[in-house]
$ cat data_10.txt   # compact mmCIF, C-alpha atoms and all ligand atoms
# COMPACT_ATOMS: atom_id res chain seq x y z
CA MET G 1 221.84 -89.72 100.36
CA LYS G 2 225.22 -89.20 101.91
CA ILE G 3 227.76 -91.99 102.17
CA GLY G 4 230.86 -91.48 104.30
CA ILE G 5 233.91 -93.43 103.14
CA ILE G 6 236.09 -94.41 106.07
CA GLY G 7 239.14 -96.59 106.66
CA LEU G 8 242.68 -96.64 107.88
CA PRO G 9 245.28 -94.51 106.10
CA GLN G 10 246.34 -96.01 102.76
CA SER G 11 243.52 -98.54 102.69
CA GLY G 12 242.35 -97.27 99.29
CA LYS G 13 239.60 -94.81 100.29
CA THR G 14 240.49 -92.24 97.66
CA THR G 15 241.06 -94.97 95.06
CA ILE G 16 237.51 -96.26 95.55
CA PHE G 17 236.12 -92.72 95.78
CA ASN G 18 237.73 -92.04 92.39
CA ALA G 19 236.27 -95.22 90.96
CA ALA G 20 232.78 -94.38 92.22
CA ALA G 21 232.88 -90.71 91.30
CA GLY G 22 234.90 -90.94 88.09
CA LYS G 23 237.39 -88.53 89.62
CA SER G 24 241.16 -88.50 89.54
CA GLU G 25 242.18 -87.27 92.96
CA ALA G 26 245.75 -88.14 93.90
CA VAL G 27 246.13 -91.53 95.60
CA GLY G 28 248.96 -92.98 97.63
CA ASP G 29 250.30 -89.62 98.69
CA TYR G 30 249.56 -89.99 102.40
CA SER G 31 247.89 -86.59 102.16
CA LYS G 32 244.83 -87.75 104.11
CA ALA G 33 242.90 -85.21 102.08
CA SER G 34 239.08 -85.24 102.14
CA HIS G 35 237.06 -85.18 98.95
CA ARG G 36 233.42 -84.85 98.05
CA ALA G 37 231.50 -85.72 94.92
CA ILE G 38 227.89 -86.07 93.91
CA ILE G 39 227.68 -88.99 91.55
CA LYS G 40 225.02 -90.18 89.20
CA VAL G 41 223.72 -93.59 90.13
CA PRO G 42 224.32 -95.91 87.18
CA ASP G 43 221.04 -97.51 86.20
CA ARG G 44 220.67 -99.69 83.14
CA ARG G 45 216.90 -99.51 83.38
CA LEU G 46 216.93 -95.71 83.07
CA ASP G 47 219.35 -95.98 80.15
CA ARG G 48 216.96 -98.38 78.44
CA LEU G 49 213.92 -96.18 79.09
CA ALA G 50 215.79 -93.22 77.61
CA GLU G 51 216.70 -95.29 74.59
CA LEU G 52 213.03 -96.15 74.04
CA ALA G 53 211.44 -92.79 74.82
CA GLN G 54 214.16 -90.49 73.47
CA PRO G 55 213.54 -87.68 75.98
CA LYS G 56 215.35 -84.36 75.76
CA LYS G 57 217.02 -84.98 79.08
CA VAL G 58 217.99 -87.96 81.23
CA THR G 59 218.38 -87.47 84.98
CA HIS G 60 219.92 -90.12 87.19
CA ALA G 61 219.49 -90.48 90.93
CA GLU G 62 222.42 -89.09 92.90
CA ILE G 63 224.60 -90.13 95.79
CA ASP G 64 226.81 -87.82 97.76
CA TYR G 65 230.14 -89.48 98.50
CA LEU G 66 232.38 -88.09 101.19
CA ASP G 67 235.94 -89.41 101.22
CA ILE G 68 236.74 -88.57 104.79
CA SER G 69 240.25 -88.99 106.03
CA ALA G 70 238.65 -90.63 109.01
CA PHE G 71 240.21 -92.46 111.86
CA SER G 72 243.67 -91.35 110.93
CA GLY G 73 245.78 -89.73 113.40
CA LYS G 74 246.59 -89.74 116.96
CA GLY G 75 248.96 -92.43 118.12
CA LYS G 76 249.28 -96.04 117.11
CA GLU G 77 246.30 -97.46 115.31
CA THR G 78 245.97 -100.71 117.16
CA ASP G 79 243.68 -100.11 120.10
CA ALA G 80 240.21 -98.69 120.21
CA GLY G 81 240.23 -95.09 121.32
CA THR G 82 243.40 -94.18 119.48
CA LEU G 83 241.72 -93.13 116.26
CA GLU G 84 240.22 -89.77 115.50
CA ILE G 85 236.62 -89.50 114.36
CA PRO G 86 235.74 -86.46 112.27
CA ASP G 87 232.38 -84.75 112.83
CA ASP G 88 231.41 -85.13 109.18
CA LEU G 89 230.87 -88.79 109.78
CA HIS G 90 227.80 -88.14 111.90
CA TYR G 91 225.98 -86.56 108.95
CA ALA G 92 226.35 -89.63 106.75
CA ASP G 93 223.28 -91.81 106.13
CA GLU G 94 225.51 -94.78 105.59
CA LEU G 95 229.14 -95.65 106.14
CA MET G 96 231.42 -97.42 103.74
CA LEU G 97 234.42 -98.96 105.45
CA ILE G 98 237.37 -99.73 103.19
CA LEU G 99 239.61 -102.55 104.35
CA ASP G 100 243.05 -103.13 102.86
CA CYS G 101 243.04 -106.70 101.56
CA PHE G 102 245.63 -106.11 98.85
CA SER G 103 248.90 -105.37 100.59
CA PRO G 104 251.07 -108.32 101.64
CA THR G 105 250.86 -107.51 105.34
CA CYS G 106 247.18 -106.62 105.51
CA SER G 107 244.99 -107.82 108.36
CA PRO G 108 241.41 -107.05 107.42
CA GLU G 109 239.85 -109.14 110.21
CA HIS G 110 241.76 -107.19 112.81
CA ASN G 111 241.02 -103.85 111.20
CA PHE G 112 237.33 -104.62 110.90
CA ARG G 113 237.16 -105.42 114.60
CA LEU G 114 239.12 -102.29 115.38
CA PHE G 115 236.64 -100.10 113.55
CA MET G 116 233.67 -101.73 115.18
CA GLU G 117 235.24 -101.23 118.60
CA GLU G 118 236.04 -97.66 117.70
CA MET G 119 232.47 -96.84 116.70
CA ILE G 120 231.06 -98.62 119.73
CA LEU G 121 233.38 -96.65 121.99
CA ALA G 122 232.48 -93.34 120.35
CA ASP G 123 228.77 -94.04 120.85
CA GLN G 124 229.36 -95.14 124.41
CA ILE G 125 230.99 -91.82 125.26
CA VAL G 126 228.07 -89.86 123.80
CA ILE G 127 225.52 -92.04 125.57
CA GLU G 128 227.15 -91.83 128.99
CA ARG G 129 227.26 -88.07 128.75
CA ASN G 130 223.63 -87.82 127.68
CA ILE G 131 222.25 -90.29 130.20
CA GLU G 132 223.62 -87.97 132.83
CA LYS G 133 222.22 -84.83 131.21
CA ARG G 134 218.80 -86.24 130.40
CA SER G 135 218.45 -87.86 133.84
CA ARG G 136 218.97 -84.47 135.42
CA THR G 137 216.32 -82.94 133.17
CA ALA G 138 213.94 -85.81 133.90
CA GLN G 139 214.42 -85.40 137.61
CA LEU G 140 214.08 -81.64 137.64
CA THR G 141 211.10 -81.29 135.35
CA GLY G 142 209.52 -84.73 135.38
CA ASP G 143 209.61 -84.56 131.60
CA LYS G 144 208.17 -87.82 130.24
CA ILE G 145 210.11 -87.70 127.00
CA ALA G 146 213.38 -87.24 128.84
CA GLN G 147 212.53 -90.16 131.12
CA ASN G 148 211.76 -92.36 128.19
CA GLU G 149 214.94 -91.30 126.46
CA VAL G 150 217.03 -92.19 129.47
CA LYS G 151 215.48 -95.64 129.47
CA ILE G 152 216.34 -96.17 125.80
CA LEU G 153 219.83 -94.79 126.23
CA GLN G 154 220.42 -97.21 129.09
CA LYS G 155 219.29 -100.07 126.92
CA CYS G 156 221.69 -98.90 124.19
CA LEU G 157 224.50 -98.63 126.68
CA ALA G 158 223.92 -102.21 127.81
CA ALA G 159 224.29 -103.40 124.21
CA LEU G 160 227.45 -101.38 123.68
CA GLU G 161 228.95 -102.70 126.89
CA GLU G 162 228.52 -106.16 125.44
CA SER G 163 230.47 -104.99 122.39
CA LEU G 164 227.35 -105.02 120.22
CA PRO G 165 226.89 -102.25 117.68
CA LEU G 166 223.62 -100.34 118.12
CA SER G 167 222.42 -101.84 114.86
CA ARG G 168 222.18 -105.07 116.88
CA ALA G 169 220.41 -103.52 119.87
CA ASP G 170 216.84 -104.68 120.05
CA MET G 171 214.92 -101.45 119.48
CA ALA G 172 211.39 -100.62 118.41
CA GLU G 173 210.93 -98.09 115.64
CA ASP G 174 209.64 -95.34 117.94
CA GLU G 175 212.59 -95.90 120.27
CA ALA G 176 215.04 -95.59 117.39
CA GLU G 177 213.22 -92.41 116.34
CA LEU G 178 213.68 -90.86 119.77
CA ILE G 179 217.46 -91.26 119.69
CA ARG G 180 217.94 -90.44 116.02
CA LYS G 181 219.12 -86.92 116.94
CA TYR G 182 222.31 -88.32 118.45
CA SER G 183 223.29 -89.78 115.04
CA PHE G 184 225.15 -92.66 116.58
CA LEU G 185 227.78 -94.29 114.42
CA SER G 186 227.27 -97.93 115.21
CA ILE G 187 223.60 -97.74 114.23
CA LYS G 188 224.33 -96.58 110.69
CA PRO G 189 224.09 -99.11 107.90
CA LEU G 190 227.62 -100.21 107.11
CA LEU G 191 228.96 -101.43 103.81
CA VAL G 192 232.32 -103.12 104.31
CA VAL G 193 234.37 -103.01 101.13
CA LEU G 194 237.25 -105.45 100.94
CA ASN G 195 239.77 -103.79 98.69
CA ILE G 196 241.33 -106.85 97.12
CA ALA G 197 244.46 -107.34 95.01
CA GLU G 198 244.30 -107.69 91.24
CA ASP G 199 245.17 -111.39 91.58
CA ASP G 200 242.11 -112.00 93.72
CA ILE G 201 239.64 -110.83 91.10
CA GLY G 202 237.33 -113.79 90.58
CA LYS G 203 237.89 -115.00 94.13
CA GLU G 204 235.68 -112.39 95.76
CA ASN G 205 233.55 -114.86 97.67
CA ALA G 206 236.53 -116.59 99.28
CA CYS G 207 237.84 -113.18 100.39
CA ILE G 208 234.51 -112.27 101.92
CA GLU G 209 234.33 -115.59 103.75
CA ARG G 210 237.69 -114.91 105.33
CA VAL G 211 236.48 -111.74 107.05
CA GLY G 212 232.78 -112.55 106.83
CA GLY G 213 230.63 -114.26 109.37
CA MET G 214 230.09 -110.83 110.85
CA SER G 215 227.45 -109.60 108.48
CA ILE G 216 224.10 -108.52 109.84
CA PRO G 217 221.46 -108.76 107.13
CA GLY G 218 220.23 -105.32 106.21
CA MET G 219 222.70 -103.58 108.51
CA VAL G 220 226.24 -104.73 107.77
CA GLU G 221 227.11 -106.11 104.39
CA PHE G 222 230.31 -107.10 102.64
CA LEU G 223 231.50 -106.55 99.11
CA ALA G 224 234.91 -107.37 97.62
CA ILE G 225 236.27 -105.23 94.80
CA CYS G 226 239.67 -104.34 93.43
CA GLY G 227 239.77 -100.57 93.85
CA LYS G 228 242.78 -100.09 91.65
CA VAL G 229 241.24 -101.83 88.64
CA GLU G 230 237.90 -100.10 89.22
CA MET G 231 239.59 -96.72 89.25
CA GLU G 232 241.32 -97.52 85.97
CA LEU G 233 238.01 -98.69 84.54
CA ALA G 234 236.24 -95.51 85.57
CA ALA G 235 238.84 -93.42 83.77
CA LEU G 236 238.17 -95.10 80.41
CA ASP G 237 235.56 -94.11 77.85
CA ALA G 238 232.67 -96.50 77.27
CA GLU G 239 234.22 -98.33 74.33
CA ASP G 240 237.60 -99.00 75.93
CA ARG G 241 235.85 -100.00 79.10
CA GLY G 242 233.99 -102.78 77.34
CA ALA G 243 237.22 -104.18 75.92
CA PHE G 244 238.94 -103.94 79.30
CA LEU G 245 236.08 -105.77 81.01
CA ASP G 246 236.28 -108.54 78.41
CA ASP G 247 240.03 -108.88 79.06
CA LEU G 248 239.40 -109.21 82.77
CA GLY G 249 236.59 -111.65 82.18
CA ILE G 250 234.08 -109.61 84.17
CA GLU G 251 230.65 -108.52 83.10
CA SER G 252 230.19 -105.08 84.57
CA PRO G 253 232.18 -102.65 86.69
CA ALA G 254 231.92 -103.50 90.38
CA MET G 255 230.89 -99.91 91.01
CA GLU G 256 227.39 -100.75 89.84
CA ARG G 257 227.20 -103.45 92.50
CA LEU G 258 228.63 -101.08 95.07
CA VAL G 259 225.93 -98.51 94.44
CA GLN G 260 223.28 -101.23 94.36
CA LYS G 261 224.41 -102.52 97.76
CA SER G 262 224.37 -99.03 99.22
CA TYR G 263 220.80 -98.67 98.05
CA GLU G 264 219.75 -102.01 99.45
CA LEU G 265 221.30 -101.29 102.82
CA LEU G 266 219.27 -98.13 103.18
CA GLY G 267 216.14 -99.87 101.96
CA LEU G 268 215.96 -97.59 98.93
CA ILE G 269 214.36 -98.30 95.58
CA SER G 270 213.93 -96.37 92.33
CA PHE G 271 210.92 -95.48 90.29
CA PHE G 272 210.92 -93.67 86.97
CA THR G 273 209.07 -90.88 85.25
CA VAL G 274 209.29 -90.86 81.49
CA GLY G 275 208.09 -88.16 79.14
CA PRO G 276 209.27 -86.16 76.13
CA PRO G 277 211.12 -83.53 78.20
CA GLU G 278 212.78 -85.90 80.67
CA ALA G 279 213.35 -89.47 81.77
CA ARG G 280 214.27 -89.54 85.40
CA ALA G 281 215.05 -91.92 88.25
CA TRP G 282 213.70 -91.10 91.71
CA THR G 283 214.88 -92.57 94.98
CA ILE G 284 212.37 -93.53 97.65
CA LYS G 285 212.24 -95.74 100.73
CA GLU G 286 210.86 -99.19 100.15
CA GLY G 287 207.19 -99.27 101.17
CA THR G 288 206.43 -95.67 100.10
CA LYS G 289 202.83 -95.08 99.03
CA ALA G 290 201.99 -93.40 95.74
CA PRO G 291 201.09 -89.89 97.04
CA ARG G 292 204.33 -89.70 99.02
CA ALA G 293 206.31 -90.85 95.99
CA ALA G 294 204.54 -88.18 93.94
CA GLY G 295 205.73 -85.62 96.48
CA HIS G 296 209.31 -86.37 95.48
CA VAL G 297 208.51 -85.21 91.97
CA HIS G 298 206.54 -82.15 93.06
CA SER G 299 204.80 -81.18 96.29
CA ASP G 300 201.66 -80.22 94.30
CA MET G 301 201.45 -83.78 93.03
CA GLU G 302 201.25 -85.07 96.58
CA ARG G 303 198.79 -82.41 97.70
CA GLY G 304 196.47 -82.87 94.75
CA PHE G 305 197.10 -86.55 94.17
CA ILE G 306 194.36 -88.29 92.18
CA ARG G 307 195.93 -91.50 90.93
CA ALA G 308 199.09 -93.13 89.69
CA GLU G 309 199.29 -94.76 86.29
CA VAL G 310 201.89 -97.49 86.44
CA ILE G 311 203.81 -99.67 84.02
CA THR G 312 206.49 -102.05 85.27
CA PHE G 313 209.94 -101.55 83.83
CA GLU G 314 209.82 -105.09 82.39
CA ASP G 315 206.65 -104.32 80.46
CA PHE G 316 207.93 -100.97 79.20
CA ASP G 317 211.11 -102.70 78.11
CA LYS G 318 209.12 -105.44 76.36
CA TYR G 319 206.45 -103.36 74.62
CA GLY G 320 208.53 -100.27 74.01
CA SER G 321 206.08 -97.44 74.77
CA THR G 322 203.25 -96.31 77.00
CA HIS G 323 200.85 -96.67 74.09
CA ALA G 324 201.92 -100.27 73.35
CA CYS G 325 201.67 -101.16 77.04
CA LYS G 326 198.12 -99.80 77.15
CA GLU G 327 197.17 -101.90 74.13
CA ALA G 328 198.64 -104.98 75.78
CA GLY G 329 196.73 -104.33 79.00
CA LYS G 330 199.91 -103.60 80.92
CA TYR G 331 198.85 -100.17 82.12
CA HIS G 332 197.64 -100.12 85.71
CA VAL G 333 195.68 -97.40 87.44
CA GLU G 334 196.49 -97.26 91.15
CA GLY G 335 195.08 -95.27 94.06
CA LYS G 336 196.48 -93.56 97.13
CA ASP G 337 197.23 -96.81 98.96
CA TYR G 338 199.38 -98.23 96.20
CA ILE G 339 202.92 -99.01 97.34
CA VAL G 340 205.34 -97.97 94.62
CA GLN G 341 207.60 -100.82 93.53
CA ASP G 342 211.20 -100.82 92.42
CA GLY G 343 211.31 -100.21 88.67
CA ASP G 344 207.80 -98.78 88.30
CA VAL G 345 207.35 -96.29 85.49
CA VAL G 346 204.79 -93.87 86.89
CA LEU G 347 202.60 -91.05 85.67
CA PHE G 348 200.95 -89.13 88.51
CA ARG G 349 197.58 -87.49 87.91
CA PHE G 350 196.88 -84.59 90.22
CA ASN G 351 194.71 -81.56 90.63
CA VAL G 352 195.46 -78.45 92.68
N1 LIG G 401 247.51 -103.30 94.48
C1 LIG G 401 246.52 -102.50 94.86
N2 LIG G 401 246.85 -101.30 95.34
C2 LIG G 401 245.86 -100.47 95.73
C3 LIG G 401 244.48 -100.85 95.62
N3 LIG G 401 243.73 -99.82 96.10
C4 LIG G 401 244.59 -98.86 96.50
N4 LIG G 401 245.88 -99.24 96.26
C5 LIG G 401 247.09 -98.47 96.53
O1 LIG G 401 247.14 -98.12 97.89
C6 LIG G 401 247.69 -96.82 98.04
C7 LIG G 401 246.76 -95.96 98.89
O2 LIG G 401 245.58 -95.67 98.17
P1 LIG G 401 244.68 -94.38 98.53
O3 LIG G 401 243.44 -94.53 97.73
O4 LIG G 401 245.43 -93.12 98.40
O5 LIG G 401 244.39 -94.67 100.06
P2 LIG G 401 243.66 -93.71 101.11
O6 LIG G 401 242.92 -94.61 102.03
O7 LIG G 401 242.87 -92.67 100.43
O8 LIG G 401 244.89 -93.06 101.84
P3 LIG G 401 244.86 -91.75 102.80
O9 LIG G 401 243.96 -90.74 102.17
O10 LIG G 401 246.27 -91.30 102.83
O11 LIG G 401 244.36 -92.25 104.11
C8 LIG G 401 247.92 -96.26 96.65
O12 LIG G 401 249.28 -96.42 96.32
C9 LIG G 401 247.04 -97.15 95.79
O13 LIG G 401 247.53 -97.28 94.46
C10 LIG G 401 244.18 -102.12 95.06
O14 LIG G 401 243.02 -102.51 94.91
N5 LIG G 401 245.24 -102.90 94.70
MG MG G 402 242.89 -90.55 100.55

$ encode --input "data_10.txt" --output "structure tokens" --more "lines below"
Ligand SMILES: Nc1nc2c(ncn2[C@@H]2O[C@H](COP(=O)(O)OP(=O)(O)OP(=O)(O)O)[C@@H](O)[C@H]2O)c(=O)[nH]1
Ligand SMILES: [Mg+2]
Amino acid sequence: MKIGIIGLPQSGKTTIFNAAAGKSEAVGDYSKASHRAIIKVPDRRLDRLAELAQPKKVTHAEIDYLDISAFSGKGKETDAGTLEIPDDLHYADELMLILDCFSPTCSPEHNFRLFMEEMILADQIVIERNIEKRSRTAQLTGDKIAQNEVKILQKCLAALEESLPLSRADMAEDEAELIRKYSFLSIKPLLVVLNIAEDDIGKENACIERVGGMSIPGMVEFLAICGKVEMELAALDAEDRGAFLDDLGIESPAMERLVQKSYELLGLISFFTVGPPEARAWTIKEGTKAPRAAGHVHSDMERGFIRAEVITFEDFDKYGSTHACKEAGKYHVEGKDYIVQDGDVVLFRFNV
């Protein structure tokens, strides 16, 4: 999963990238440099499973973070159309927009609107160009797919002209599928991160309300964190981190929530495999059936799928081992129609 971090210059993109990736790239230098890191997804459940099963190796799920010096550049950054959009952005599965809410003169509401307008405009340009191209193809060849595409693109254009992001356009799944290749920006799930001042820690909800009211469940979500403190936290070792968190009066680093939100936005869940060689977290789409999930582990497991043997994380946590779960009747045998649930500990039986 690739997440593109975007925002105006000096909004704290690299600070939050550092916090998420445990890196120490230079911040505040106006360098507009891009960075990339593959980070391990923190998961307390996997940590607990590893503690119980003592495997040789523990493998977390991963997220690819791209700190893109996006939208920085040409001219004054006040009107839509004045910002530059790098190509990298189109490859991201999800966008994370950082808004400066810490500096005395910040205007997050305005900047949020600016970015939405910017993405809508960018998509509009692509659509207008392609409606023309695809119409010509449709006319010349009578190609049904092209005709259909033109119809969908026109519907998208109508939404954009009403200043609606494509995530708000009323589209059926097969329609969305047909235009996926354009990788429009305003259709990507968007996590808006309010980068708040140290003094506003504890007042996250009030900050979100100020810019909120624009969230679209499952498509645009808001999260308030103090990037600076999170970056300092990420640089500490586990022991110091605990003490620092206590001082701040917070329970866990906000980065865990940030990753969690990213997952939720994409409709992703985790299941686990646990054995002596390895305990591992796997990322799948919500609603994935057992054979498909098995395919993530190994393609043979999908091909030769026989059954899935499942223990919920809660039961594994409670009883402590596969054996104890079996004794307690907490071991479930599931077939090919079973939909794997978040937190399932699974053993796939297969035969090829
Ligand atoms: N007080 C405060 N300052 C912050 C916070 N987050 C970032 N800053 C400061 O804001 C400045 C810019 O941070 P960067 O992370 O470099 O911002 P950026 O968006 O990567 O900047 P460019 O790459 O130049 O576009 C730095 O001086 C940071 O220390 C925060 O949560 N609180
Ligand atoms: Mg930067």

$ residues_near_ligand --input "data_10.txt" --ligand "ligand LIG 401 (chain G)" --cutoff "7 Å" --atoms "all atoms listed in the file" --output "ChimeraX atom specification"
/G:7-16,26-33,69,72,102-103,195-198,226-229

$ residues_near_point --input "data_10.txt" --point "(214.7, -102.8, 79.1)" --cutoff "10 Å" --atoms "only C-alpha atoms" --output "PyMOL selection string"
chain G and resi 44-52+313-320

$ atom_distance --input "data_10.txt" --atom1 "CA of Asn205 in chain G" --atom2 "CA of Gly242 in chain G"
23.7 Å

$ residues_around --input "data_10.txt" --residues "Ala92 in chain G" --least-positions-apart "4" --cutoff "10 Å" --atoms "all atoms listed in the file" --output "VMD selection string"
chain G and resid 1 to 5 64 to 66 87 to 88 96 183 185 188 to 189

$ closest_residue --input "data_10.txt" --among "G:Glu334, G:Glu209, G:Asp123, G:Glu230" --to "Ile179 in chain G" --atoms "all atoms listed in the file"
G:Asp123

$ residues_around --input "data_10.txt" --residues "range 257-268 of chain G" --least-positions-apart "5" --cutoff "7 Å" --atoms "all atoms listed in the file" --output "list in words"
Val41, Pro189, Leu191, Gly218, Met219, Thr283, Ile284, Lys285 and Glu286 of chain G

$ residues_around --input "data_10.txt" --residues "Val352 in chain G" --least-positions-apart "3" --cutoff "12 Å" --atoms "all atoms listed in the file" --output "VMD selection string"
chain G and resid 298 to 306 349

$ atom_distance --input "data_10.txt" --atom1 "CA of Met171 in chain G" --atom2 "CA of Glu109 in chain G"
27.7 Å

$ atom_distance --input "data_10.txt" --atom1 "CA of Cys101 in chain G" --atom2 "CA of Gly202 in chain G"
14.3 Å

$ residues_around --input "data_10.txt" --residues "Glu132 in chain G" --least-positions-apart "5" --cutoff "9 Å" --atoms "all atoms listed in the file" --output "list in words"
Ile127, Thr137 and Val150 of chain G

$ closest_residue --input "data_10.txt" --among "G:Val193, G:Ala37, G:Ala122, G:Leu347" --to "Arg307 in chain G" --atoms "all atoms listed in the file"
G:Leu347

$ closest_residue --input "data_10.txt" --among "G:Val58, G:Val211, G:Leu245, G:Ala206" --to "Val274 in chain G" --atoms "only C-alpha atoms"
G:Val58

$ closest_residue --input "data_10.txt" --among "G:Ile6, G:Ala281, G:Leu233, G:Leu95" --to "Phe184 in chain G" --atoms "all atoms listed in the file"
G:Leu95

$ closest_residue --input "data_10.txt" --among "G:Glu204, G:Asp67, G:Glu177, G:Glu62" --to "ligand MG 402 (chain G)" --atoms "only C-alpha atoms and all ligand atoms"
G:Asp67

$ residues_around --input "data_10.txt" --residues "Lys330 in chain G" --least-positions-apart "6" --cutoff "9 Å" --atoms "all atoms listed in the file" --output "PyMOL selection string"
chain G and resi 310-312+315-316+322+324
